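The block underneath contains the structure these notes are about, expressed in structure tokens.
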Amino acid sequence: MPATTPVVRVRRVYDAPSPDDGIRVLVDRLWPRGLAKADAHIDEWPKALTPSTELRRWYHGPGEGDYDEFRRRYEAELAAPEAAASLDRLRALAATGTLTLLTATKHPETSHTTVLREELTA
């Protein structure tokens, strides 16, 4: 039987949970503003997978960093042992069913969530 590509979705954490979300994983380092933990319905919060504070500040700072450079730096951070172990855990979870990556980011398509999704579905 051929291997199937895991279903990994990206949604904003502020959107109402959906029955087809599967395992809900918050992939932001900071807790989303104004969201009660009880309302978030988070199954996992692997902070080791989130971009470092330094990288976040560089990317979102004055003049804002280039996405391609952000992506390169973030991929390097994902190679660190703790992040790699967390990524392996999410890969295992994704192999069992739908995995939804949750973020407060307004533009997930140009954030770390796109990189994570690609890593998990490769």
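As shown in the structure tokens, the chain order sets the letters A, B, ...; within each chain, residues go from 1, and ligands are also counted from 1 in the order they appear.
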
As an NGL selection string, please: the residues near region 103-120 of chain A (cut-off 8 Å, only C-alpha atoms, same-chain neighbours under 2 positions excluded). :A and (6 or 8-14 or 26-28 or 32 or 50-51 or 67 or 71 or 74-75 or 87 or 90-91 or 94 or 101 or 122)

Can you list every residue in chain A that DSSP puts in strand (DSSP E), as a PyMOL selection string? chain A and resi 8-12+23-26+99-103

Please produce a file of those selected residues containing N, CA, C and O atoms, as a PDB file, in the first residue's frame.
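See part.pdb below for the written result:
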ATOM      1  N   VAL A   8      -2.139  18.107   6.780  1.00  0.00           N
ATOM      2  CA  VAL A   8      -1.697  19.130   7.723  1.00  0.00           C
ATOM      3  C   VAL A   8      -2.316  20.446   7.276  1.00  0.00           C
ATOM      4  O   VAL A   8      -2.056  20.921   6.177  1.00  0.00           O
ATOM      5  N   ARG A   9      -3.136  20.991   8.143  1.00  0.00           N
ATOM      6  CA  ARG A   9      -3.821  22.242   7.837  1.00  0.00           C
ATOM      7  C   ARG A   9      -3.223  23.367   8.670  1.00  0.00           C
ATOM      8  O   ARG A   9      -2.637  23.126   9.724  1.00  0.00           O
ATOM      9  N   VAL A  10      -3.413  24.590   8.181  1.00  0.00           N
ATOM     10  CA  VAL A  10      -3.001  25.776   8.924  1.00  0.00           C
ATOM     11  C   VAL A  10      -4.242  26.642   9.095  1.00  0.00           C
ATOM     12  O   VAL A  10      -4.947  26.922   8.127  1.00  0.00           O
ATOM     13  N   ARG A  11      -4.502  27.017  10.343  1.00  0.00           N
ATOM     14  CA  ARG A  11      -5.646  27.868  10.635  1.00  0.00           C
ATOM     15  C   ARG A  11      -5.241  28.908  11.663  1.00  0.00           C
ATOM     16  O   ARG A  11      -4.305  28.701  12.439  1.00  0.00           O
ATOM     17  N   ARG A  12      -5.987  30.002  11.682  1.00  0.00           N
ATOM     18  CA  ARG A  12      -5.778  30.998  12.734  1.00  0.00           C
ATOM     19  C   ARG A  12      -6.390  30.478  14.022  1.00  0.00           C
ATOM     20  O   ARG A  12      -7.471  29.903  14.014  1.00  0.00           O
ATOM     21  N   ILE A  23      -5.936  16.807  15.460  1.00  0.00           N
ATOM     22  CA  ILE A  23      -5.098  17.275  16.569  1.00  0.00           C
ATOM     23  C   ILE A  23      -4.743  18.738  16.324  1.00  0.00           C
ATOM     24  O   ILE A  23      -4.223  19.091  15.264  1.00  0.00           O
ATOM     25  N   ARG A  24      -5.034  19.572  17.308  1.00  0.00           N
ATOM     26  CA  ARG A  24      -4.809  21.015  17.192  1.00  0.00           C
ATOM     27  C   ARG A  24      -3.519  21.384  17.911  1.00  0.00           C
ATOM     28  O   ARG A  24      -3.369  21.126  19.109  1.00  0.00           O
ATOM     29  N   VAL A  25      -2.580  21.993  17.166  1.00  0.00           N
ATOM     30  CA  VAL A  25      -1.252  22.297  17.692  1.00  0.00           C
ATOM     31  C   VAL A  25      -0.965  23.785  17.547  1.00  0.00           C
ATOM     32  O   VAL A  25      -0.929  24.309  16.432  1.00  0.00           O
ATOM     33  N   LEU A  26      -0.764  24.457  18.673  1.00  0.00           N
ATOM     34  CA  LEU A  26      -0.383  25.864  18.642  1.00  0.00           C
ATOM     35  C   LEU A  26       1.101  25.944  18.316  1.00  0.00           C
ATOM     36  O   LEU A  26       1.920  25.304  18.984  1.00  0.00           O
ATOM     37  N   LEU A  99      -3.817  16.946  11.204  1.00  0.00           N
ATOM     38  CA  LEU A  99      -3.085  17.782  12.145  1.00  0.00           C
ATOM     39  C   LEU A  99      -3.337  19.226  11.732  1.00  0.00           C
ATOM     40  O   LEU A  99      -3.167  19.572  10.566  1.00  0.00           O
ATOM     41  N   THR A 100      -3.768  20.049  12.664  1.00  0.00           N
ATOM     42  CA  THR A 100      -4.026  21.452  12.358  1.00  0.00           C
ATOM     43  C   THR A 100      -3.045  22.316  13.137  1.00  0.00           C
ATOM     44  O   THR A 100      -3.000  22.266  14.374  1.00  0.00           O
ATOM     45  N   LEU A 101      -2.235  23.071  12.398  1.00  0.00           N
ATOM     46  CA  LEU A 101      -1.283  24.011  12.984  1.00  0.00           C
ATOM     47  C   LEU A 101      -2.013  25.324  13.215  1.00  0.00           C
ATOM     48  O   LEU A 101      -2.611  25.877  12.288  1.00  0.00           O
ATOM     49  N   LEU A 102      -1.972  25.816  14.435  1.00  0.00           N
ATOM     50  CA  LEU A 102      -2.691  27.034  14.800  1.00  0.00           C
ATOM     51  C   LEU A 102      -1.727  28.170  15.067  1.00  0.00           C
ATOM     52  O   LEU A 102      -0.704  27.978  15.725  1.00  0.00           O
ATOM     53  N   THR A 103      -2.082  29.345  14.557  1.00  0.00           N
ATOM     54  CA  THR A 103      -1.240  30.520  14.726  1.00  0.00           C
ATOM     55  C   THR A 103      -2.098  31.767  14.859  1.00  0.00           C
ATOM     56  O   THR A 103      -3.213  31.818  14.343  1.00  0.00           O
TER      57      THR A 103
END

Å distance separating CA of Gly97 (chain A) from CA of Pro81 (chain A), one decimal place: 25.0 Å

Quick one, how far is CA of Ala16 (chain A) from CA of Ala40 (chain A)? 8.3 Å

Which one is closest to Asp21 (chain A): A:Gly65, A:Ala38, A:Asp43, A:Arg33? Count only C-alpha atoms.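 Closest to Asp21 (chain A) of all the choices is A:Asp43.
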
So that I can check the secondary structure, give me every residue of region 1-91 of chain A assigned helix (DSSP H, G or I) by backbone DSSP, as a PyMOL selection string. chain A and resi 19-21+37-40+47-49+53-60+67-78+81-91

Calculate how many Å separate CA of Asp20 (chain A) from CA of Thr98 (chain A), rounding to one decimal. 7.5 Å

Quick one: residues within 8 Å of Leu55 (chain A), only C-alpha atoms, excluding same-chain residues fewer than 3 positions away - as a ChimeraX atom specification? /A:51-52,58-59,70,73-74

Can you write out the residues you just picked, keeping N, CA, C and O atoms, as a PDB file, in the first residue's frame?
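Wrote it out as selection_12.pdb, contents follow:
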ATOM      1  N   PRO A  51       9.701  29.877  15.968  1.00  0.00           N
ATOM      2  CA  PRO A  51      10.900  30.683  15.687  1.00  0.00           C
ATOM      3  C   PRO A  51      11.409  31.343  16.971  1.00  0.00           C
ATOM      4  O   PRO A  51      10.625  31.720  17.840  1.00  0.00           O
ATOM      5  N   SER A  52      12.710  31.457  17.082  1.00  0.00           N
ATOM      6  CA  SER A  52      13.311  32.093  18.255  1.00  0.00           C
ATOM      7  C   SER A  52      12.845  33.549  18.363  1.00  0.00           C
ATOM      8  O   SER A  52      12.414  34.164  17.378  1.00  0.00           O
ATOM      9  N   TRP A  58      13.601  40.044  14.305  1.00  0.00           N
ATOM     10  CA  TRP A  58      14.242  40.451  13.057  1.00  0.00           C
ATOM     11  C   TRP A  58      13.222  40.499  11.916  1.00  0.00           C
ATOM     12  O   TRP A  58      13.169  41.469  11.162  1.00  0.00           O
ATOM     13  N   TYR A  59      12.413  39.462  11.810  1.00  0.00           N
ATOM     14  CA  TYR A  59      11.457  39.360  10.702  1.00  0.00           C
ATOM     15  C   TYR A  59      10.361  40.421  10.784  1.00  0.00           C
ATOM     16  O   TYR A  59       9.949  40.971   9.769  1.00  0.00           O
ATOM     17  N   PHE A  70      14.164  34.740   6.171  1.00  0.00           N
ATOM     18  CA  PHE A  70      13.509  34.229   7.376  1.00  0.00           C
ATOM     19  C   PHE A  70      13.369  32.719   7.280  1.00  0.00           C
ATOM     20  O   PHE A  70      13.696  31.998   8.219  1.00  0.00           O
ATOM     21  N   ARG A  73      16.706  30.930   7.806  1.00  0.00           N
ATOM     22  CA  ARG A  73      17.117  30.960   9.211  1.00  0.00           C
ATOM     23  C   ARG A  73      16.236  30.042  10.071  1.00  0.00           C
ATOM     24  O   ARG A  73      16.724  29.367  10.968  1.00  0.00           O
ATOM     25  N   TYR A  74      14.942  30.035   9.776  1.00  0.00           N
ATOM     26  CA  TYR A  74      14.023  29.190  10.552  1.00  0.00           C
ATOM     27  C   TYR A  74      14.295  27.709  10.296  1.00  0.00           C
ATOM     28  O   TYR A  74      14.295  26.898  11.224  1.00  0.00           O
TER      29      TYR A  74
END

Select, from A:Gly34, A:Gly61, A:His41, A:Ala80, the residue with the minimum atom-to-atom distance to Pro19 (chain A), counting only C-alpha atoms.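 Ranking A:Gly34, A:Gly61, A:His41, A:Ala80 by distance to Pro19 (chain A), first place goes to A:His41.
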